[in-house]
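Below is one structure, written out as structure tokens, with a few remarks after it.
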Amino acid sequence: MALMEENFETQEYKINLGPAHPSTHGVFRAVLTLNGEEIIKSENHIGYLHRGIEKLAESRTYAQFAALTPRIDYLAGALNNWGYVVTVEKLMEIEVPERAEYLRVIIGELQRIASHLILISSTCIDLNATTAWMYGFSAREGILDLLEMVTGSRMMPAYYTIGGVMDDLPLEFIPAAKKVIADLNDRLNDVDGMISGNEIFLSRTKGVGVITPEKAIEFGITGPNLRAAGNAYDLRKIAPYSVYDKFDFDVPVLKDGDCFARFSMRILEIRQSIRIIEQAIASLPEGPITAKVPKIIKPPIGEVYNQIESAKGILGYYIVSDGSTKPYRLHVHSPSFVNIGIFPEIAVGMYVQDFIATLASFDICLGEIDR
Amino acid sequence: MEVNNNDKEQNIEKVFDEELFQKEMELNEIDNNSLRDFLTNHVVFTTLEKGIDFCRSNSLWPLSFGPACCAIEMMASGGARYDISRFGYEVFRPSPRHADVMIVAGTVTNKMVPVVKRLYDQMAEPRYVIAMGSCSITGGPFADSYSVLRGVDRILPVDVIIPGCPPRPEALIEGFLKLKAKLNKPEIAKVNRND
Amino acid sequence: MIDIVSLVEKLSVTFKDRLELSETGQAIYVKRQSIIDVLKALKDEFNFIRLMDVTSADYEDRFEVVYHLMNDEVKLLAVKVKLEKSDSIIPSIVSVWRYAESMEREVYDLMGVVFEGHENLKRILNPEDFVGHPLQKSFKLDVVSRF
């Protein structure tokens, strides 16, 4: 055997993983150096969806740019919209009325549920569990119906305006929401029962891509990936913005840090979001839906940096204003851009199929990485 | 002999019965009509090319290529609610060598242009391109950016465009049906110049 | 809000004249040679354990590189460095926070600021053969005639 290995010539070779990738995470490219099937080195190459949004912002007014923000992270468009609007309001020191805050929370949490459902479906189809993909997507259709009822668009809701929200809830929203939430609980139980106990799924995700809490902090990971590694860091609890301090919800934390923990974390977070929506609908106050804002938005000279908890991590907006109607400089700090920094580190020593499972469970969105 | 001849004449007369003859002619005509009906309903005369085009248009295999947001609506159209499997188009192939139609769903940036061109070159003929969403038609909301290609028809020949940002899954199905009509009858896609 | 004035006073004990409070009182300006030491001091002694963002801005007479930090009580602090346009080189802070690496590459790609000590300073978002740095104010976009 040893003689055979001596005379057996092997060679490392480099292959491309992407950018035209069969799974639907977008145009992400990783250059892998392989020894057989084991990865020796991995490099990230991004920029295939770089649309120059930060430069475009300098030639759009503040209200016009709000329509571009859902296209940054297209899986959770309303949360990007929210982050931008809150930053401009902090710069102009506008106070939003209470009913508008409650409506913002309802739409934001609905969008978070839709984004997590996409992760659950995509992870399952990457590991070839196609039925769970169908179940997840058809559960998401109910949520998209609700979003369309209020905002007018299935995927790109430009619902948040500077000072409030665009329109009030229609009369048929609350009975429809109650029906959709009851249905969603059933469908989540279906997906959970089908996948979480499945032997093949468990053997492909348990113990794969393990991240310790120290490593997660060293690489700056935020969001559900950090909470699945054991660190309870959620901006909605430790630094509540909007009206999140009025709701009673938990922040789920799992200790394992592997792909299965990241997958189950999304299911647990959906259940918590359902709790928030039910409480918000039950205690919705009356009042105006937008504050008194001048027709032409001209913030004072200055700069601001503000963060919210998006579906994938901590999303930050940095705006510098020079007193005119267009921003002087606008920067979007997206969570996935920092999260992918850990791939070259944990890919060493993995098999290619484990790398695919890890990539799927990390929930990256190329729109916000490349902007 | 005379008796025989008389008998034969009577036999021949007996055989040629006017009524029976009429009835048989009627039955023959019904048979002819039903044969004609049968042939019209069950047999088609066509050319080999048109026949293969008909089969091809009912079973197009899309290439799963979606750079940006429109890809999510493409996935939703393959889901259970807006089922494109009813039309025969649900087999998304990851490899371009197996695919018939490439749906460019999303913004194509300058860095991505060689990749898109290579994917198109690797597809086997006959191949078609659907440009889905306003980013792939003219550059969309990012048209004045420094890194966005203003429309994928600058590098590929596009057959069907589907406007929208993003277009609904029903719009994608309508686009597929227009491609099917174009496959069966290419004359409808000719440009009519008002001369 | 954190008490920036007292923070600047405590830091000035070690870093005498190499930092100052900005005019608006919202950020700290640091001279570029001592940026690594100041950030390390902020991380170890003053509990600003997380680096949230590395970005840049192009003003008329200077570039600015902006670091946003967050402490364990979830409060934000902005640390800025002024750079001349003709001499836009700054030491890299990869030794303090490992994940600043990709953010610094983005600042180099889009604004043109060179980071000394960064091992892999290549373009990250634009193609390799792109000419120019898009976010500088001197880089103009083409006007698209839509009709």
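Ligands are numbered from 1 in the order shown, chains are lettered A, B, ... in the order of the structure tokens, and residues start at 1 in each chain.
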As a list in words, please: the residues near B:Ala181 (cut-off 12 Å, only C-alpha atoms, same-chain neighbours under 3 positions excluded).
Asp53, Phe54, Arg56, Ser57, Asn58, Asp159, Val160, Glu174, Gly175, Phe176, Leu177, Lys178, Asn184, Lys185, Pro186, Glu187, Ile188 and Ala189 of chain B
Write out as a PyMOL selection string which residues come within 10 Å of stretch 275-292 of chain A when counting only C-alpha atoms, dropping same-chain ones fewer than 3 positions away.
chain A and resi 94-103+105-110+160-168+174+177-178+181+243-244+246-250+269-272+295
Using only C-alpha atoms, which chain B residues lie at most 6 Å away from chain A, written as a PyMOL selection string?
chain B and resi 67+69+79+94+111-112+145+147-148
Quick one: residues within 7 Å of stretch 322-336 of chain A, only C-alpha atoms, excluding same-chain residues fewer than 3 positions away - as a VMD selection string?
(chain A and resid 54 57 to 62 222 297 to 302 312 to 319 339 to 340 364 to 365 368 to 369) or (chain C and resid 53 57)
Hey, can you spit out that residue selection with C-alpha atoms as a PDB file, in the first residue's frame?
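This went into selection32.pdb:
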```pdb
ATOM      1  CA  GLU A  54     -23.675  54.357  -3.720  1.00  0.00           C
ATOM      2  CA  ALA A  57     -27.439  57.882  -4.617  1.00  0.00           C
ATOM      3  CA  GLU A  58     -25.534  61.103  -5.195  1.00  0.00           C
ATOM      4  CA  SER A  59     -27.750  61.905  -8.179  1.00  0.00           C
ATOM      5  CA  ARG A  60     -31.106  60.990  -6.694  1.00  0.00           C
ATOM      6  CA  THR A  61     -33.149  62.934  -4.174  1.00  0.00           C
ATOM      7  CA  TYR A  62     -33.812  61.423  -0.781  1.00  0.00           C
ATOM      8  CA  THR A 222     -23.912  39.265  13.142  1.00  0.00           C
ATOM      9  CA  ILE A 297     -36.677  67.070   1.992  1.00  0.00           C
ATOM     10  CA  LYS A 298     -33.559  69.060   2.825  1.00  0.00           C
ATOM     11  CA  PRO A 299     -31.726  67.712   5.869  1.00  0.00           C
ATOM     12  CA  PRO A 300     -29.397  70.033   7.773  1.00  0.00           C
ATOM     13  CA  ILE A 301     -25.649  69.829   7.190  1.00  0.00           C
ATOM     14  CA  GLY A 302     -24.185  66.909   9.089  1.00  0.00           C
ATOM     15  CA  LYS A 312     -29.393  38.660   7.807  1.00  0.00           C
ATOM     16  CA  GLY A 313     -27.595  40.701  10.461  1.00  0.00           C
ATOM     17  CA  ILE A 314     -26.949  44.288  11.432  1.00  0.00           C
ATOM     18  CA  LEU A 315     -27.614  46.674   8.553  1.00  0.00           C
ATOM     19  CA  GLY A 316     -26.101  50.148   8.739  1.00  0.00           C
ATOM     20  CA  TYR A 317     -26.577  53.329   6.710  1.00  0.00           C
ATOM     21  CA  TYR A 318     -24.091  56.231   6.720  1.00  0.00           C
ATOM     22  CA  ILE A 319     -25.369  59.488   5.229  1.00  0.00           C
ATOM     23  CA  ASN A 339     -20.276  37.308   6.951  1.00  0.00           C
ATOM     24  CA  ILE A 340     -18.614  35.840   3.877  1.00  0.00           C
ATOM     25  CA  ILE A 364     -26.096  35.479   1.865  1.00  0.00           C
ATOM     26  CA  CYS A 365     -27.702  37.798  -0.620  1.00  0.00           C
ATOM     27  CA  GLU A 368     -26.330  43.541  -0.685  1.00  0.00           C
ATOM     28  CA  ILE A 369     -22.778  42.188  -0.876  1.00  0.00           C
TER      29      ILE A 369
ATOM     30  CA  ASP C  53     -17.924  49.861   9.432  1.00  0.00           C
ATOM     31  CA  ALA C  57     -15.912  60.289   1.941  1.00  0.00           C
TER      32      ALA C  57
END
```
Report as a list of chain:residue names the set of chain C residues whose atoms approach chain B to within 8 Å, with distances computed over only C-alpha atoms.
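Contact residues on the first chain: C:Asn126, C:Pro127, C:Pro134, C:Leu141, C:Asp142, C:Val143, C:Val144.
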Export of the given selection (N, CA and C atoms) as a short mmCIF file (atom, residue, chain, number, x, y, z; two decimals), in the first residue's frame:
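Just written: result17.cif:
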```cif
data_model
loop_
_atom_site.label_atom_id
_atom_site.label_comp_id
_atom_site.auth_asym_id
_atom_site.auth_seq_id
_atom_site.Cartn_x
_atom_site.Cartn_y
_atom_site.Cartn_z
N ASN C 126 -15.18 46.08 -8.58
CA ASN C 126 -15.08 46.36 -10.00
C ASN C 126 -14.20 45.32 -10.67
N PRO C 127 -14.27 45.17 -12.00
CA PRO C 127 -13.37 44.22 -12.65
C PRO C 127 -11.92 44.66 -12.50
N PRO C 134 -14.52 55.10 -8.75
CA PRO C 134 -15.83 55.70 -9.05
C PRO C 134 -16.36 56.68 -8.03
N LEU C 141 -20.75 60.41 -13.98
CA LEU C 141 -21.55 59.37 -14.63
C LEU C 141 -22.03 59.87 -15.98
N ASP C 142 -22.22 58.93 -16.93
CA ASP C 142 -22.80 59.32 -18.22
C ASP C 142 -24.25 59.66 -18.03
N VAL C 143 -24.72 60.63 -18.78
CA VAL C 143 -26.14 60.94 -18.74
C VAL C 143 -26.83 60.03 -19.75
N VAL C 144 -27.89 59.37 -19.33
CA VAL C 144 -28.61 58.46 -20.22
C VAL C 144 -29.82 59.18 -20.76
#
```
